[in-house]
$ cat final.cif   # mmCIF, C-alpha atoms and all ligand atoms
data_work
loop_
_atom_site.label_atom_id
_atom_site.label_comp_id
_atom_site.auth_asym_id
_atom_site.auth_seq_id
_atom_site.Cartn_x
_atom_site.Cartn_y
_atom_site.Cartn_z
CA MET Z 64 10.39 19.30 -8.64
CA ASN Z 65 7.93 20.30 -5.93
CA ILE Z 66 6.50 17.02 -4.67
CA LEU Z 67 3.38 16.79 -2.49
CA VAL Z 68 3.13 13.60 -0.42
CA THR Z 69 -0.35 13.07 1.05
CA GLY Z 70 -1.12 10.74 3.96
CA SER Z 71 2.48 11.13 5.10
CA ASN Z 72 1.82 9.96 8.67
CA GLY Z 73 0.97 6.48 7.40
CA GLN Z 74 3.29 3.53 6.80
CA LEU Z 75 4.20 4.42 3.22
CA GLY Z 76 4.12 8.18 3.75
CA ASN Z 77 6.67 7.89 6.56
CA GLU Z 78 8.93 5.71 4.41
CA MET Z 79 8.68 8.36 1.66
CA ARG Z 80 9.75 10.95 4.20
CA VAL Z 81 12.79 8.84 5.20
CA LEU Z 82 13.83 8.15 1.62
CA SER Z 83 13.36 11.75 0.50
CA ALA Z 84 16.57 12.59 2.38
CA SER Z 85 18.44 10.54 -0.25
CA HIS Z 86 16.79 12.57 -3.04
CA PRO Z 87 17.58 16.16 -2.07
CA ASN Z 88 17.13 17.35 -5.66
CA HIS Z 89 13.41 17.86 -4.98
CA ARG Z 90 11.39 20.00 -2.59
CA TYR Z 91 8.90 18.02 -0.53
CA PHE Z 92 5.57 18.92 1.01
CA PHE Z 93 4.60 16.20 3.49
CA THR Z 94 0.98 16.45 4.57
CA ASP Z 95 -1.60 14.34 6.36
CA VAL Z 96 -5.26 14.96 7.02
CA VAL Z 97 -4.60 17.83 9.46
CA GLU Z 98 -2.51 19.84 6.99
CA LEU Z 99 -4.40 18.78 3.87
CA ASP Z 100 -7.63 16.80 3.91
CA ILE Z 101 -7.71 15.43 0.39
CA THR Z 102 -11.50 15.00 0.51
CA CYS Z 103 -11.76 18.80 0.33
CA ARG Z 104 -11.39 19.73 -3.34
CA GLU Z 105 -10.95 23.45 -2.75
CA ALA Z 106 -8.18 22.82 -0.21
CA VAL Z 107 -6.39 20.46 -2.60
CA LEU Z 108 -6.60 22.87 -5.54
CA ASP Z 109 -5.47 25.76 -3.39
CA TYR Z 110 -2.54 23.84 -1.83
CA VAL Z 111 -1.26 22.68 -5.22
CA ARG Z 112 -1.56 26.15 -6.75
CA THR Z 113 -0.03 28.01 -3.80
CA ASN Z 114 2.97 25.69 -3.52
CA ALA Z 115 3.50 25.23 -7.28
CA ILE Z 116 3.32 21.45 -6.91
CA ASP Z 117 4.63 19.47 -9.91
CA LEU Z 118 3.85 15.95 -8.70
CA ILE Z 119 1.52 14.37 -6.12
CA VAL Z 120 2.37 11.06 -4.45
CA ASN Z 121 -0.88 9.90 -2.89
CA CYS Z 122 -0.15 7.80 0.20
CA ALA Z 123 -3.44 8.78 1.85
CA ALA Z 124 -6.16 6.16 2.02
CA TYR Z 125 -8.91 4.55 4.08
CA THR Z 126 -7.11 1.25 4.74
CA ASN Z 127 -9.21 -0.48 7.41
CA VAL Z 128 -10.73 -3.36 5.43
CA ASP Z 129 -13.27 -4.40 8.09
CA ARG Z 130 -14.41 -0.87 8.91
CA ALA Z 131 -14.84 -0.09 5.20
CA GLU Z 132 -17.41 -2.88 5.08
CA GLU Z 133 -19.52 -1.03 7.67
CA ASP Z 134 -18.96 2.46 6.28
CA GLU Z 135 -18.39 2.19 2.55
CA PRO Z 136 -19.46 5.82 1.86
CA THR Z 137 -16.58 7.17 3.97
CA ALA Z 138 -14.12 4.76 2.38
CA LEU Z 139 -15.40 5.83 -1.04
CA ARG Z 140 -14.93 9.51 -0.19
CA ILE Z 141 -11.27 8.99 0.74
CA ASN Z 142 -10.29 6.18 -1.65
CA ALA Z 143 -12.08 7.47 -4.74
CA ASP Z 144 -13.66 10.96 -4.59
CA ALA Z 145 -10.53 12.41 -2.99
CA VAL Z 146 -8.39 10.81 -5.69
CA ALA Z 147 -10.52 12.66 -8.25
CA ASN Z 148 -9.73 15.87 -6.34
CA LEU Z 149 -6.02 15.18 -6.79
CA ALA Z 150 -6.57 14.48 -10.50
CA ALA Z 151 -8.48 17.77 -10.83
CA THR Z 152 -5.29 19.71 -10.06
CA GLY Z 153 -3.93 18.77 -13.48
CA VAL Z 154 -0.49 17.83 -12.10
CA ARG Z 155 1.06 14.37 -12.37
CA VAL Z 156 -0.09 11.83 -9.78
CA ILE Z 157 1.49 8.65 -8.46
CA HIS Z 158 -1.30 6.74 -6.71
CA ILE Z 159 -1.20 3.55 -4.65
CA SER Z 160 -3.77 0.82 -5.07
CA THR Z 161 -4.21 -2.75 -3.94
CA ASP Z 162 -4.42 -6.45 -4.75
CA TYR Z 163 -8.00 -6.25 -3.36
CA VAL Z 164 -9.20 -5.02 -6.77
CA PHE Z 165 -8.91 -8.69 -7.79
CA SER Z 166 -11.12 -11.54 -6.57
CA GLY Z 167 -8.20 -13.52 -5.15
CA ASP Z 168 -9.59 -16.69 -6.73
CA GLU Z 169 -6.83 -17.04 -9.34
CA HIS Z 170 -4.02 -19.55 -8.89
CA ARG Z 171 -1.41 -17.55 -10.77
CA PRO Z 172 0.09 -14.07 -10.26
CA CYS Z 173 -2.29 -11.34 -11.48
CA ARG Z 174 -1.19 -9.05 -14.29
CA GLU Z 175 -2.18 -5.41 -14.61
CA ASP Z 176 -4.71 -6.12 -17.38
CA ASP Z 177 -6.37 -9.10 -15.70
CA PRO Z 178 -10.10 -8.67 -15.00
CA VAL Z 179 -10.85 -6.89 -11.73
CA ALA Z 180 -13.54 -8.23 -9.38
CA PRO Z 181 -13.27 -6.77 -5.88
CA ARG Z 182 -14.97 -8.83 -3.15
CA THR Z 183 -14.88 -6.19 -0.40
CA ALA Z 184 -16.01 -2.61 0.15
CA TYR Z 185 -12.34 -1.60 0.51
CA GLY Z 186 -11.51 -3.23 -2.84
CA ARG Z 187 -14.50 -1.60 -4.56
CA THR Z 188 -13.57 1.87 -3.29
CA LYS Z 189 -9.90 1.44 -4.27
CA LEU Z 190 -10.96 0.28 -7.74
CA ALA Z 191 -13.26 3.31 -8.05
CA GLY Z 192 -10.23 5.48 -7.15
CA GLU Z 193 -8.17 3.92 -9.94
CA GLN Z 194 -10.99 4.43 -12.44
CA GLN Z 195 -11.69 8.04 -11.47
CA LEU Z 196 -7.99 8.88 -11.59
CA LEU Z 197 -7.40 7.33 -15.02
CA ALA Z 198 -10.54 8.96 -16.44
CA LEU Z 199 -9.40 12.44 -15.36
CA CYS Z 200 -5.65 12.02 -15.52
CA PRO Z 201 -4.53 9.43 -18.11
CA GLU Z 202 -0.92 10.43 -17.38
CA ALA Z 203 -1.16 9.04 -13.83
CA VAL Z 204 0.92 6.17 -12.49
CA ILE Z 205 -0.88 3.63 -10.30
CA LEU Z 206 1.13 1.15 -8.25
CA ARG Z 207 -0.90 -1.75 -6.90
CA THR Z 208 0.69 -3.34 -3.86
CA ALA Z 209 -0.18 -5.88 -1.13
CA TRP Z 210 0.56 -7.01 2.44
CA LEU Z 211 2.29 -3.74 3.34
CA TYR Z 212 4.29 -3.40 6.56
CA SER Z 213 6.78 -0.93 7.95
CA THR Z 214 8.46 0.17 11.15
CA TYR Z 215 5.77 2.89 11.17
CA GLY Z 216 2.11 2.44 12.03
CA ASN Z 217 0.24 -0.72 12.95
CA ASN Z 218 0.69 -3.75 10.79
CA PHE Z 219 0.88 -7.55 10.74
CA VAL Z 220 4.60 -7.68 11.61
CA LYS Z 221 4.18 -5.61 14.76
CA THR Z 222 1.02 -7.49 15.76
CA MET Z 223 2.72 -10.88 15.40
CA ILE Z 224 5.72 -9.72 17.44
CA ARG Z 225 3.39 -8.51 20.20
CA LEU Z 226 1.23 -11.65 20.18
CA GLY Z 227 4.33 -13.85 20.01
CA GLN Z 228 5.64 -12.19 23.17
CA GLU Z 229 2.27 -12.43 24.97
CA LYS Z 230 0.90 -15.85 23.99
CA PRO Z 231 2.24 -19.40 24.27
CA GLU Z 232 0.30 -20.45 21.15
CA LEU Z 233 -1.08 -18.75 18.07
CA GLY Z 234 -3.15 -20.02 15.12
CA VAL Z 235 -2.32 -18.35 11.80
CA VAL Z 236 -3.90 -19.10 8.42
CA PHE Z 237 -1.84 -21.03 5.90
CA ASP Z 238 -4.32 -21.11 3.01
CA GLN Z 239 -4.01 -17.44 2.01
CA ILE Z 240 -1.02 -16.79 -0.21
CA GLY Z 241 0.52 -13.42 -1.03
CA THR Z 242 3.68 -11.37 -0.85
CA PRO Z 243 4.67 -9.30 2.18
CA THR Z 244 5.91 -5.90 1.04
CA TYR Z 245 8.22 -3.65 3.03
CA ALA Z 246 6.88 -0.10 2.60
CA ALA Z 247 10.48 1.16 2.35
CA ASP Z 248 10.87 -0.93 -0.82
CA LEU Z 249 7.62 0.48 -2.20
CA ALA Z 250 8.89 3.99 -1.42
CA ALA Z 251 12.08 3.13 -3.35
CA ALA Z 252 9.90 1.97 -6.26
CA ILE Z 253 8.07 5.32 -6.18
CA PHE Z 254 11.41 7.12 -6.42
CA THR Z 255 12.33 4.83 -9.33
CA VAL Z 256 9.22 6.13 -11.12
CA ILE Z 257 10.00 9.74 -10.19
CA GLU Z 258 13.65 9.61 -11.27
CA ALA Z 259 13.13 7.62 -14.49
CA PRO Z 260 14.44 9.48 -17.58
CA GLU Z 261 10.94 9.28 -19.07
CA TRP Z 262 7.49 9.35 -17.51
CA HIS Z 263 5.73 5.99 -18.01
CA PRO Z 264 2.02 6.36 -17.17
CA GLY Z 265 -0.21 3.39 -16.44
CA ILE Z 266 -0.96 0.70 -13.88
CA TYR Z 267 1.91 -1.33 -12.40
CA HIS Z 268 2.11 -4.08 -9.82
CA PHE Z 269 4.72 -3.74 -7.10
CA THR Z 270 5.32 -6.02 -4.12
CA ASN Z 271 8.45 -7.70 -2.85
CA GLU Z 272 9.49 -10.91 -4.66
CA GLY Z 273 8.36 -14.42 -3.76
CA VAL Z 274 5.25 -15.77 -2.06
CA CYS Z 275 4.26 -17.17 1.33
CA SER Z 276 1.24 -17.74 3.55
CA TRP Z 277 0.45 -15.66 6.65
CA TYR Z 278 1.63 -18.71 8.63
CA ASP Z 279 5.04 -18.77 6.90
CA PHE Z 280 5.27 -14.99 7.30
CA THR Z 281 4.62 -15.31 11.05
CA LEU Z 282 7.28 -18.01 11.48
CA ALA Z 283 9.81 -15.76 9.72
CA ILE Z 284 8.81 -12.75 11.87
CA HIS Z 285 9.20 -14.72 15.11
CA ASP Z 286 12.49 -16.23 13.95
CA LEU Z 287 13.97 -12.82 13.06
CA ALA Z 288 12.59 -11.19 16.21
CA GLY Z 289 14.11 -13.96 18.37
CA ILE Z 290 10.72 -15.17 19.66
CA SER Z 291 10.85 -18.88 20.50
CA SER Z 292 8.31 -19.11 23.33
CA CYS Z 293 5.22 -19.08 21.09
CA HIS Z 294 4.04 -22.14 19.17
CA VAL Z 295 2.58 -21.03 15.82
CA ARG Z 296 -0.08 -23.42 14.54
CA PRO Z 297 -1.23 -23.45 10.87
CA ILE Z 298 -5.02 -23.04 10.60
CA LEU Z 299 -7.52 -22.80 7.74
CA SER Z 300 -9.26 -19.52 6.89
CA SER Z 301 -12.53 -21.28 7.71
CA GLU Z 302 -11.30 -21.66 11.33
CA TYR Z 303 -10.74 -17.89 11.69
CA GLN Z 304 -13.69 -15.54 12.20
CA TYR Z 305 -13.03 -13.02 9.42
CA LYS Z 306 -15.48 -10.13 9.31
CA THR Z 307 -14.58 -9.56 5.66
CA PRO Z 308 -13.64 -12.17 3.03
CA ARG Z 309 -9.89 -12.34 2.33
CA PRO Z 310 -8.34 -13.27 -1.01
CA HIS Z 311 -6.97 -16.83 -1.10
CA TYR Z 312 -4.30 -16.11 -3.69
CA SER Z 313 -3.30 -12.48 -4.14
CA VAL Z 314 0.11 -12.62 -5.76
CA LEU Z 315 0.85 -9.79 -8.20
CA ASP Z 316 2.94 -10.24 -11.35
CA LYS Z 317 5.59 -7.48 -11.32
CA SER Z 318 7.10 -8.13 -14.78
CA LYS Z 319 5.78 -4.86 -16.23
CA PHE Z 320 7.37 -2.73 -13.49
CA LYS Z 321 10.71 -4.55 -13.71
CA GLN Z 322 10.85 -4.36 -17.51
CA THR Z 323 9.69 -0.74 -17.80
CA PHE Z 324 12.04 0.62 -15.16
CA GLY Z 325 14.90 -1.91 -15.51
CA VAL Z 326 15.05 -2.76 -11.82
CA SER Z 327 15.14 -5.88 -9.69
CA ILE Z 328 13.01 -6.20 -6.56
CA PRO Z 329 14.14 -7.51 -3.15
CA TYR Z 330 12.87 -10.89 -1.92
CA TRP Z 331 10.22 -10.54 0.83
CA LEU Z 332 12.38 -12.21 3.51
CA GLU Z 333 15.23 -9.81 2.78
CA GLY Z 334 12.86 -6.83 3.21
CA LEU Z 335 11.56 -8.31 6.45
CA LYS Z 336 15.10 -8.69 7.80
CA ARG Z 337 15.80 -4.99 7.15
CA CYS Z 338 12.53 -3.95 8.79
CA ILE Z 339 12.96 -6.07 11.91
CA ALA Z 340 16.56 -4.93 12.28
CA LYS Z 341 15.17 -1.37 12.55
CA LEU Z 342 12.36 -2.19 14.99
N1 LIG Q 401 -1.62 -1.66 4.33
C1 LIG Q 401 -1.68 -2.60 3.41
O1 LIG Q 401 -1.51 -3.81 3.67
C2 LIG Q 401 -1.93 -2.23 1.98
C3 LIG Q 401 -2.08 -3.24 1.04
C4 LIG Q 401 -2.30 -2.90 -0.30
C5 LIG Q 401 -2.38 -1.57 -0.66
N2 LIG Q 401 -2.27 -0.60 0.29
C6 LIG Q 401 -2.36 0.80 -0.15
O2 LIG Q 401 -1.10 1.41 0.09
C7 LIG Q 401 -1.29 2.79 0.39
C8 LIG Q 401 -0.53 3.15 1.64
O3 LIG Q 401 -1.05 2.36 2.70
P1 LIG Q 401 -0.54 2.53 4.20
O4 LIG Q 401 -0.58 1.18 4.82
O5 LIG Q 401 0.70 3.35 4.23
O6 LIG Q 401 -1.77 3.36 4.78
P2 LIG Q 401 -1.92 4.01 6.26
O7 LIG Q 401 -0.78 3.63 7.10
O8 LIG Q 401 -3.31 3.71 6.69
O9 LIG Q 401 -1.77 5.57 5.94
C9 LIG Q 401 -2.77 6.30 5.29
C10 LIG Q 401 -2.67 7.72 5.80
O10 LIG Q 401 -3.64 8.50 5.10
C11 LIG Q 401 -4.25 9.35 6.07
N3 LIG Q 401 -5.55 9.85 5.61
C12 LIG Q 401 -6.77 9.27 5.77
N4 LIG Q 401 -7.72 10.07 5.28
C13 LIG Q 401 -7.11 11.18 4.79
C14 LIG Q 401 -7.56 12.37 4.18
N5 LIG Q 401 -8.85 12.59 3.98
N6 LIG Q 401 -6.64 13.30 3.80
C15 LIG Q 401 -5.33 13.09 4.04
N7 LIG Q 401 -4.83 11.99 4.62
C16 LIG Q 401 -5.71 11.03 5.00
C17 LIG Q 401 -4.37 8.46 7.28
O11 LIG Q 401 -4.67 9.21 8.44
P3 LIG Q 401 -5.50 8.46 9.62
O12 LIG Q 401 -4.63 7.34 10.09
O13 LIG Q 401 -5.70 9.55 10.61
O14 LIG Q 401 -6.76 7.96 8.99
C18 LIG Q 401 -2.97 7.84 7.30
O15 LIG Q 401 -2.03 8.68 7.93
C19 LIG Q 401 -2.80 3.01 0.44
O16 LIG Q 401 -3.25 3.50 -0.78
C20 LIG Q 401 -3.36 1.62 0.65
O17 LIG Q 401 -4.67 1.49 0.14
C21 LIG Q 401 -2.04 -0.89 1.59
#

$ encode --input "final.cif" --output "structure tokens"
Amino acid sequence: MNILVTGSNGQLGNEMRVLSASHPNHRYFFTDVVELDITCREAVLDYVRTNAIDLIVNCAAYTNVDRAEEDEPTALRINADAVANLAATGVRVIHISTDYVFSGDEHRPCREDDPVAPRTAYGRTKLAGEQQLLALCPEAVILRTAWLYSTYGNNFVKTMIRLGQEKPELGVVFDQIGTPTYAADLAAAIFTVIEAPEWHPGIYHFTNEGVCSWYDFTLAIHDLAGISSCHVRPILSSEYQYKTPRPHYSVLDKSKFKQTFGVSIPYWLEGLKRCIAKL
């Protein structure tokens, strides 16, 4: 197959690039905004036609949650209108979405068919992207993920390593629960979808296994990175000046993905160990 990967300079896009070497049966077209700005419909249609693309893996997104709050129209253009451009090509699409489509008020893992209720501009634009894609391309696969990190790009793991090396003390919230997800494991899940004997359209949840708070996550990061000079203090969300509300409980139920594709998913700490070993 000819596979177009958009947003390939991001965390997930880079992990797709790495993993593609283990799947040499396909031809890959890795692009980011310079090579292919997905907000430009003509450019998208032309690129897909010219390169006889069979499948699009959309790793491009507007991912800055705080900035989206101040500039929702731009976030909407990239997270929703551009997704409609990809759908307009008529080829199969694997699209990545987020736990932020939910309110985060539940106290149990969210299933794919649970009611959506985004609380942020980012969440609203990502939900609009899901809806536009499914309306135009019912054959699409949407993977909702959360708490993504990688050796590539800026993310929580790298920030906590840096702060742990710089500061003697750090307050990290312990009342927000979720699942850290190594982007390499999400890339592997995407290849599971691509290589499955049958195409299974629909929405799926994919994160690593298990749950923790940002505080627990930070302790594990410092432990694995050999940082012992920084005291990490558990704090409440109300003590931290968030510009944008954060979900209190954003655990995703992955049963549908595991059952449909017959796979097991690595535990979050195991993914973190592999990532930090590479850093
Ligand atoms: N990060 C998380 O914690 C998280 C959590 C849940 C879901 N997700 C979802 O997971 C997916 C992958 O996230 P990620 O963390 O890998 O994102 P990322 O690192 O921010 O990468 C996104 C890439 O898309 C590029 N891009 C932006 N606008 C574009 C455009 N118009 N055309 C083409 N490319 C464009 C970005 O370029 P610039 O950097 O130049 O803008 C960047 O290289 C996204 O759909 C995101 O919403 C992420």

$ residues_around --input "final.cif" --residues "region 313-327 of chain Z" --least-positions-apart "5" --cutoff "7 Å" --atoms "all atoms listed in the file" --output "count of residues only"
11

$ closest_residue --input "final.cif" --among "Z:Cys122, Z:Ala84, Z:Leu108, Z:Ile253" --to "Val68 (chain Z)" --atoms "all atoms listed in the file"
Z:Cys122

$ closest_residue --input "final.cif" --among "Z:Ala145, Z:Ala252, Z:Ala138, Z:Ala203" --to "Thr183 (chain Z)" --atoms "only C-alpha atoms"
Z:Ala138

$ atom_distance --input "final.cif" --atom1 "CA of Leu190 (chain Z)" --atom2 "atom N4 of ligand LIG 401 (chain Q)"
16.6 Å

$ residues_around --input "final.cif" --residues "Arg187 (chain Z)" --least-positions-apart "3" --cutoff "10 Å" --atoms "only C-alpha atoms" --output "list of chain:residue names"
Z:Ala131, Z:Glu135, Z:Ala138, Z:Leu139, Z:Asn142, Z:Ala143, Z:Tyr163, Z:Val164, Z:Phe165, Z:Val179, Z:Ala180, Z:Pro181, Z:Arg182, Z:Thr183, Z:Ala184, Z:Leu190, Z:Ala191, Z:Gly192, Z:Glu193

$ residues_near_ligand --input "final.cif" --ligand "ligand LIG 401 (chain Q)" --cutoff "6 Å" --atoms "only C-alpha atoms and all ligand atoms" --output "list in words"
Thr69, Gly70, Ser71, Asn72, Gly73, Gln74, Leu75, Gly76, Asp95, Val96, Leu99, Asp100, Ile101, Thr102, Cys122, Ala123, Ala124, Tyr125, Thr126, Ile141, Ile159, Ser160, Thr161, Thr208, Ala209, Trp210, Leu211 and Gly216 of chain Z

$ residues_around --input "final.cif" --residues "Pro231 (chain Z)" --least-positions-apart "3" --cutoff "10 Å" --atoms "all atoms listed in the file" --output "number ranges by chain"
Z: 226-228, 291-295

$ closest_residue --input "final.cif" --among "Z:Pro297, Z:Pro308, Z:Pro243, Z:Pro264" --to "Pro329 (chain Z)" --atoms "only C-alpha atoms"
Z:Pro243

$ closest_residue --input "final.cif" --among "Z:Asn77, Z:Thr307, Z:Thr255, Z:Asn114" --to "Val204 (chain Z)" --atoms "all atoms listed in the file"
Z:Thr255

$ closest_residue --input "final.cif" --among "Z:Ala151, Z:Ala250, Z:Ala283, Z:Leu335" --to "Ser83 (chain Z)" --atoms "all atoms listed in the file"
Z:Ala250

$ closest_residue --input "final.cif" --among "Z:Tyr303, Z:Phe254, Z:Trp331, Z:Phe280" --to "Phe219 (chain Z)" --atoms "all atoms listed in the file"
Z:Phe280

$ residues_around --input "final.cif" --residues "Val154 (chain Z)" --least-positions-apart "6" --cutoff "12 Å" --atoms "all atoms listed in the file" --output "list in words"
Met64, Asn65, Ile66, Leu67, Val107, Leu108, Val111, Arg112, Ala115, Ile116, Asp117, Leu118, Ile119, Val120, Ala147, Asn148, Leu196, Leu199, Cys200, Pro201, Glu202, Ala203 and Val204 of chain Z

$ atom_distance --input "final.cif" --atom1 "CA of Arg80 (chain Z)" --atom2 "CA of Leu287 (chain Z)"
25.7 Å

$ atom_distance --input "final.cif" --atom1 "CA of Arg225 (chain Z)" --atom2 "CA of Ile339 (chain Z)"
12.9 Å

$ decode --input "final.cif" --residues "region 163-181 of chain Z" --atoms "N, CA and C atoms" --output "CSV table (one decimal), in the first residue's frame"
chain,number,residue,atom,x,y,z
Z,163,TYR,N,-9.9,14.1,25.6
Z,163,TYR,CA,-10.5,15.4,25.9
Z,163,TYR,C,-11.9,15.5,25.3
Z,164,VAL,N,-12.4,14.6,24.5
Z,164,VAL,CA,-13.8,14.6,24.0
Z,164,VAL,C,-14.7,14.3,25.1
Z,165,PHE,N,-14.2,13.7,26.2
Z,165,PHE,CA,-15.1,13.4,27.4
Z,165,PHE,C,-14.9,14.6,28.4
Z,166,SER,N,-15.9,14.6,29.4
Z,166,SER,CA,-15.8,15.6,30.4
Z,166,SER,C,-14.7,15.4,31.4
Z,167,GLY,N,-14.4,14.1,31.6
Z,167,GLY,CA,-13.4,13.8,32.6
Z,167,GLY,C,-14.0,13.7,34.0
Z,168,ASP,N,-15.3,13.8,34.1
Z,168,ASP,CA,-16.0,13.7,35.4
Z,168,ASP,C,-16.4,12.3,35.8
Z,169,GLU,N,-16.2,11.3,34.9
Z,169,GLU,CA,-16.6,10.0,35.2
Z,169,GLU,C,-15.6,9.4,36.3
Z,170,HIS,N,-16.0,8.3,36.9
Z,170,HIS,CA,-15.1,7.6,37.8
Z,170,HIS,C,-14.9,6.2,37.4
Z,171,ARG,N,-15.1,6.0,36.1
Z,171,ARG,CA,-14.8,4.6,35.5
Z,171,ARG,C,-14.3,4.9,34.1
Z,172,PRO,N,-13.5,3.9,33.6
Z,172,PRO,CA,-13.0,4.1,32.2
Z,172,PRO,C,-14.0,4.3,31.2
Z,173,CYS,N,-13.8,5.3,30.3
Z,173,CYS,CA,-14.8,5.6,29.3
Z,173,CYS,C,-14.7,4.7,28.1
Z,174,ARG,N,-15.9,4.3,27.7
Z,174,ARG,CA,-16.1,3.4,26.5
Z,174,ARG,C,-16.3,4.3,25.2
Z,175,GLU,N,-16.1,3.7,24.1
Z,175,GLU,CA,-16.2,4.5,22.8
Z,175,GLU,C,-17.6,5.1,22.7
Z,176,ASP,N,-18.7,4.4,23.2
Z,176,ASP,CA,-20.0,5.0,22.9
Z,176,ASP,C,-20.5,5.8,24.1
Z,177,ASP,N,-19.7,6.1,25.1
Z,177,ASP,CA,-20.1,6.9,26.2
Z,177,ASP,C,-20.4,8.3,25.7
Z,178,PRO,N,-21.3,9.1,26.3
Z,178,PRO,CA,-21.6,10.5,25.9
Z,178,PRO,C,-20.3,11.3,25.9
Z,179,VAL,N,-20.2,12.1,24.8
Z,179,VAL,CA,-19.0,13.1,24.8
Z,179,VAL,C,-19.5,14.4,25.4
Z,180,ALA,N,-18.5,15.1,26.0
Z,180,ALA,CA,-18.9,16.4,26.6
Z,180,ALA,C,-17.6,17.2,26.8
Z,181,PRO,N,-16.9,17.6,25.7
Z,181,PRO,CA,-15.6,18.3,25.8
Z,181,PRO,C,-15.7,19.6,26.7
